Amino acid sequence: MSDTVIRVENLSKKFILGHRQEPYTALRDVIANRTKAVLKTFSHNKYKPEIKNSEFWAINDISFEVKKGDRVAIIGRNGAGKSTLLKILSRITEPTRGRINIKGRIASLLEVGTGFHPELTGRENIFLNGAILGMSKGEIQRKFDEIVAFAEVEKFLDTPVKRYSSGMYVRLAFAVAAHLEPEILIVDEVLAVGDSQFQKKCIGKMEDVGKEGRTVLFVSHNMSAVEALCTRGILLESGRLFLDADVKQAINIYLEKSYSLTETPLAHRQDRTGSGKVKAVDFKILDVDEKEVNSLQSGKDYYFEVGYLNNTGKSLNDIVVSFDFLDEKGNTILLLRTNFTDSNLTINANKGYIRCFVKNLPLAQGSYRFISFISHGEREILDWVNDAASITVDGGDFFGTGSYGMPQKCKILLRTEWFST
């Protein structure tokens, strides 16, 4: 008997852009549509362009198999099709074409609150989720205490989950999904909501699930977590299956492609999110003499400069700017943010530059990439670009000892004082 639990054959999913689907037509829609029809009749503007719908294939002709007990990472950049694939496998959405065959119960954790009813308490949602998975009341009761202990929500067990924080939501949702013994566990990037200690706890639990012969599909941008948990990697690119290989090979190819992407000028990058009212269009690193540099040295002072276009045509205040530095595995190791130091900015009406001055650069020797993020306070994300640029740190005399030899197993350097008593 075959031990294949998931078989995907020529799977594709198409979305129509520029077309809004409504589940029903409300009275306000009828009035609005008739008003638009009347205005169109009396309009003298014959040159108004028509809005045309366009097709977008989120995933396109993907095929693969997953065996019982496999721990598979689905990796790729934002927009590669990862979440769409998991939604199809979880039977949340239907494919446009292709086939999937799944053997066994699936528990999916794709976003905060998946499968929870907000008006029900934590206790009631545990039983609801178990019932959805096809478990009897007795089976759920046997796992109940273990679920509650893992989620660490004992005090809030009889509180409606609509009052839970996002972290509490995730803890309980993961505990339910992992402990109610599904044959297949699907986990998306949602674990990033939890704290680092809980993330380690979840990785350990998923390892246990795999050792018990159950199957895990895991999506994450954290390559350290992917490498620790998974043995196989499926790399998606622009909706297609680019690579299906050993997880280390898949990670290496993914990181190589991420670094090569930073060579595209920032102004031309299309893989960005946000309203677009303000966009980062240029990035430079300058030394203290304001000369552009291509490689850095630990312990020296630098300006990180981003050029922006303000498409609103008016000056904006309370602008948050962030550079999030990541190492070669995708771990966030350093955050430079205006709101950390109450330094939110006012930007010009059209275009300009934003500079961040860094004294005694604390990065150790190595290659890094970073996320560029601009928002209007907490109200609106204006521009978000992953892998906006990459930098290379070529050592340096950070400690002022005259030695340029640098530690090889760390990323952040810190000056300290030592005493003996």
# chains A, B, ... in the order shown; residues from 1 in each chain; ligands from 1

$ residues_around --residues "stretch 95-98 of chain A" --least-positions-apart "3" --cutoff "6 Å" --atoms "only C-alpha atoms" --output "PDB file with C-alpha atoms, in the first residue's frame"
ATOM      1  CA  GLU A   9      -1.191  16.941 -10.100  1.00  0.00           C
ATOM      2  CA  ASN A  10      -0.975  19.943 -12.462  1.00  0.00           C
ATOM      3  CA  LEU A  11      -2.556  22.228  -9.879  1.00  0.00           C
ATOM      4  CA  SER A  12      -3.418  25.796 -10.920  1.00  0.00           C
ATOM      5  CA  LYS A  13      -5.395  28.644  -9.395  1.00  0.00           C
ATOM      6  CA  LYS A  14      -6.549  31.702 -11.331  1.00  0.00           C
TER       7      LYS A  14
END

$ select_by_dssp --residues "stretch 89-235 of chain A" --states "helix (DSSP H, G or I)" --output "JSON, numbers by chain"
{"A": [89, 122, 123, 124, 125, 126, 127, 128, 129, 130, 131, 132, 137, 138, 139, 140, 141, 142, 143, 144, 145, 146, 147, 148, 149, 150, 151, 154, 155, 156, 161, 162, 163, 166, 167, 168, 169, 170, 171, 172, 173, 174, 175, 176, 177, 178, 179, 189, 190, 191, 192, 193, 196, 197, 198, 199, 200, 201, 202, 203, 204, 205, 206, 207, 208, 209, 210, 211, 223, 224, 225, 226, 227, 228, 229]}

$ write_last_selection --atoms "C-alpha atoms" --output "compact mmCIF listing (two decimals), in the first residue's frame"
# COMPACT_ATOMS: atom_id res chain seq x y z
CA LEU A 89 -4.64 21.77 0.27
CA GLY A 122 -11.42 29.10 24.51
CA ARG A 123 -12.84 25.94 26.08
CA GLU A 124 -15.76 25.81 23.63
CA ASN A 125 -13.47 26.42 20.64
CA ILE A 126 -11.26 23.48 21.62
CA PHE A 127 -14.28 21.17 21.43
CA LEU A 128 -15.53 22.86 18.24
CA ASN A 129 -12.19 22.37 16.47
CA GLY A 130 -11.98 18.78 17.63
CA ALA A 131 -15.44 18.09 16.26
CA ILE A 132 -14.49 19.68 12.93
CA LYS A 137 -15.93 14.20 22.76
CA GLY A 138 -14.00 11.55 24.70
CA GLU A 139 -10.93 11.91 22.44
CA ILE A 140 -10.94 15.68 22.90
CA GLN A 141 -11.31 15.39 26.67
CA ARG A 142 -8.28 13.11 26.86
CA LYS A 143 -6.16 15.78 25.12
CA PHE A 144 -7.82 18.79 26.79
CA ASP A 145 -5.43 19.37 29.70
CA GLU A 146 -2.39 18.93 27.46
CA ILE A 147 -3.75 21.51 25.00
CA VAL A 148 -4.46 24.07 27.73
CA ALA A 149 -1.04 23.58 29.35
CA PHE A 150 0.75 24.00 26.01
CA ALA A 151 -1.22 27.14 25.09
CA GLU A 154 -5.63 28.66 31.72
CA LYS A 155 -6.78 31.99 33.18
CA PHE A 156 -8.67 32.91 30.01
CA VAL A 161 -11.70 34.39 22.16
CA LYS A 162 -12.67 37.71 20.54
CA ARG A 163 -11.06 39.26 23.64
CA SER A 166 -3.16 37.85 18.69
CA GLY A 167 -0.48 35.96 20.65
CA MET A 168 -3.08 34.16 22.78
CA TYR A 169 -5.05 33.31 19.65
CA VAL A 170 -2.02 31.73 18.02
CA ARG A 171 -0.98 29.80 21.13
CA LEU A 172 -4.39 28.20 21.51
CA ALA A 173 -4.91 27.64 17.78
CA PHE A 174 -1.55 25.90 17.42
CA ALA A 175 -2.09 23.82 20.55
CA VAL A 176 -5.43 22.60 19.23
CA ALA A 177 -4.11 21.90 15.72
CA ALA A 178 -1.02 20.02 16.94
CA HIS A 179 -2.54 17.99 19.79
CA GLU A 189 3.79 32.06 8.72
CA VAL A 190 1.27 32.73 11.50
CA LEU A 191 3.74 31.48 14.15
CA ALA A 192 5.69 34.72 13.65
CA VAL A 193 3.02 36.39 15.80
CA SER A 196 10.53 33.50 20.40
CA GLN A 197 10.09 31.11 23.33
CA PHE A 198 6.71 29.95 22.05
CA GLN A 199 8.09 29.59 18.51
CA LYS A 200 10.77 27.20 19.81
CA LYS A 201 8.06 25.30 21.65
CA CYS A 202 6.05 24.99 18.43
CA ILE A 203 9.07 23.81 16.42
CA GLY A 204 9.69 21.13 19.05
CA LYS A 205 6.08 20.00 18.90
CA MET A 206 6.14 19.80 15.11
CA GLU A 207 9.30 17.70 15.31
CA ASP A 208 7.45 15.35 17.66
CA VAL A 209 4.53 15.20 15.23
CA GLY A 210 6.89 14.20 12.43
CA LYS A 211 8.59 11.53 14.56
CA MET A 223 15.30 29.72 7.24
CA SER A 224 16.76 28.68 10.60
CA ALA A 225 13.35 27.37 11.68
CA VAL A 226 12.87 25.72 8.28
CA GLU A 227 16.25 23.99 8.46
CA ALA A 228 15.67 22.85 12.06
CA LEU A 229 12.27 21.34 11.35

$ select_by_dssp --residues "stretch 42-213 of chain A" --states "strand (DSSP E or B)" --output "VMD selection string"
chain A and resid 54 to 67 71 to 75 97 to 102 106 to 109 121 160 184 to 187

$ atom_distance --atom1 "atom CA of A:Arg379" --atom2 "atom CA of A:Asp188"
25.8 Å

$ residues_around --residues "A:Lys67" --least-positions-apart "5" --cutoff "8 Å" --atoms "only C-alpha atoms" --output "list in words"
Asp3, Thr4, Val5, Ile6 and Thr215 of chain A

$ closest_residue --among "A:Ala389, A:Val288, A:Ile333, A:Cys356" --to "A:Asn222" --atoms "only C-alpha atoms"
A:Ile333

$ closest_residue --among "A:Thr121, A:Ser108, A:Thr416, A:Ser298" --to "A:Ile88" --atoms "only C-alpha atoms"
A:Ser108

$ decode --residues "stretch 255-351 of chain A" --atoms "C-alpha atoms" --output "compact mmCIF listing (two decimals), in the first residue's frame"
# COMPACT_ATOMS: atom_id res chain seq x y z
CA LEU A 255 18.87 32.73 -0.44
CA GLU A 256 20.94 33.06 -3.62
CA LYS A 257 17.86 34.27 -5.46
CA SER A 258 17.02 36.69 -2.62
CA TYR A 259 20.47 38.27 -2.77
CA SER A 260 20.40 38.52 -6.57
CA LEU A 261 17.08 40.37 -6.32
CA THR A 262 18.75 43.18 -4.37
CA GLU A 263 20.68 44.01 -7.56
CA THR A 264 17.46 45.33 -9.12
CA PRO A 265 17.22 49.12 -8.61
CA LEU A 266 14.86 49.89 -5.76
CA ALA A 267 12.74 52.19 -7.91
CA HIS A 268 12.03 49.32 -10.34
CA ARG A 269 11.05 46.72 -7.77
CA GLN A 270 7.51 45.43 -8.30
CA ASP A 271 7.41 42.94 -5.41
CA ARG A 272 6.43 45.55 -2.82
CA THR A 273 3.38 46.06 -0.65
CA GLY A 274 1.71 49.13 0.83
CA SER A 275 -0.51 51.91 -0.48
CA GLY A 276 2.26 53.34 -2.69
CA LYS A 277 1.54 56.91 -1.58
CA VAL A 278 5.21 57.12 -0.64
CA LYS A 279 7.86 54.84 -2.15
CA ALA A 280 11.50 54.16 -1.43
CA VAL A 281 13.30 54.58 -4.77
CA ASP A 282 17.01 54.67 -3.96
CA PHE A 283 19.37 53.39 -1.28
CA LYS A 284 22.96 54.35 -0.47
CA ILE A 285 25.46 53.93 2.35
CA LEU A 286 27.76 56.91 2.96
CA ASP A 287 30.83 57.23 5.15
CA VAL A 288 31.37 60.19 7.50
CA ASP A 289 32.75 62.20 4.56
CA GLU A 290 29.45 61.53 2.74
CA LYS A 291 31.12 59.37 0.10
CA GLU A 292 29.21 56.31 -1.09
CA VAL A 293 30.73 52.97 -0.02
CA ASN A 294 30.06 49.40 -1.18
CA SER A 295 31.47 47.48 1.77
CA LEU A 296 31.52 48.34 5.46
CA GLN A 297 33.76 47.81 8.46
CA SER A 298 32.60 46.99 11.96
CA GLY A 299 32.96 49.85 14.42
CA LYS A 300 32.94 52.66 11.86
CA ASP A 301 30.25 55.35 11.44
CA TYR A 302 27.89 55.38 8.45
CA TYR A 303 24.84 57.10 7.00
CA PHE A 304 22.12 54.80 5.68
CA GLU A 305 20.26 56.92 3.12
CA VAL A 306 16.98 56.15 1.35
CA GLY A 307 15.51 58.35 -1.37
CA TYR A 308 11.73 58.60 -1.54
CA LEU A 309 8.96 59.79 -3.84
CA ASN A 310 5.90 61.29 -2.17
CA ASN A 311 3.00 60.72 -4.56
CA THR A 312 0.46 62.58 -2.40
CA GLY A 313 1.78 66.00 -3.40
CA LYS A 314 1.69 67.24 0.18
CA SER A 315 3.99 67.21 3.17
CA LEU A 316 3.38 64.33 5.58
CA ASN A 317 4.33 64.11 9.25
CA ASP A 318 4.57 61.20 11.71
CA ILE A 319 6.39 59.09 9.12
CA VAL A 320 7.92 55.85 10.45
CA VAL A 321 10.98 54.50 8.61
CA SER A 322 12.59 51.16 9.37
CA PHE A 323 15.54 49.10 8.18
CA ASP A 324 15.27 45.50 9.42
CA PHE A 325 18.57 43.66 8.95
CA LEU A 326 18.53 39.92 8.30
CA ASP A 327 21.35 37.40 8.26
CA GLU A 328 21.92 34.76 5.58
CA LYS A 329 19.24 32.50 7.11
CA GLY A 330 16.56 35.18 7.26
CA ASN A 331 16.86 35.82 11.00
CA THR A 332 16.16 39.42 11.98
CA ILE A 333 19.23 40.54 13.92
CA LEU A 334 19.09 44.35 13.97
CA LEU A 335 16.25 46.88 13.77
CA LEU A 336 16.74 50.57 12.99
CA ARG A 337 13.40 52.35 13.44
CA THR A 338 12.41 55.97 13.93
CA ASN A 339 9.63 55.16 16.41
CA PHE A 340 12.05 53.34 18.74
CA THR A 341 13.63 56.69 19.59
CA ASP A 342 10.62 59.00 19.08
CA SER A 343 12.25 60.21 15.88
CA ASN A 344 9.34 59.95 13.45
CA LEU A 345 9.84 62.28 10.50
CA THR A 346 8.15 64.92 8.37
CA ILE A 347 8.78 64.44 4.64
CA ASN A 348 8.59 66.80 1.68
CA ALA A 349 5.60 67.11 -0.61
CA ASN A 350 7.30 65.54 -3.63
CA LYS A 351 10.64 63.85 -3.04
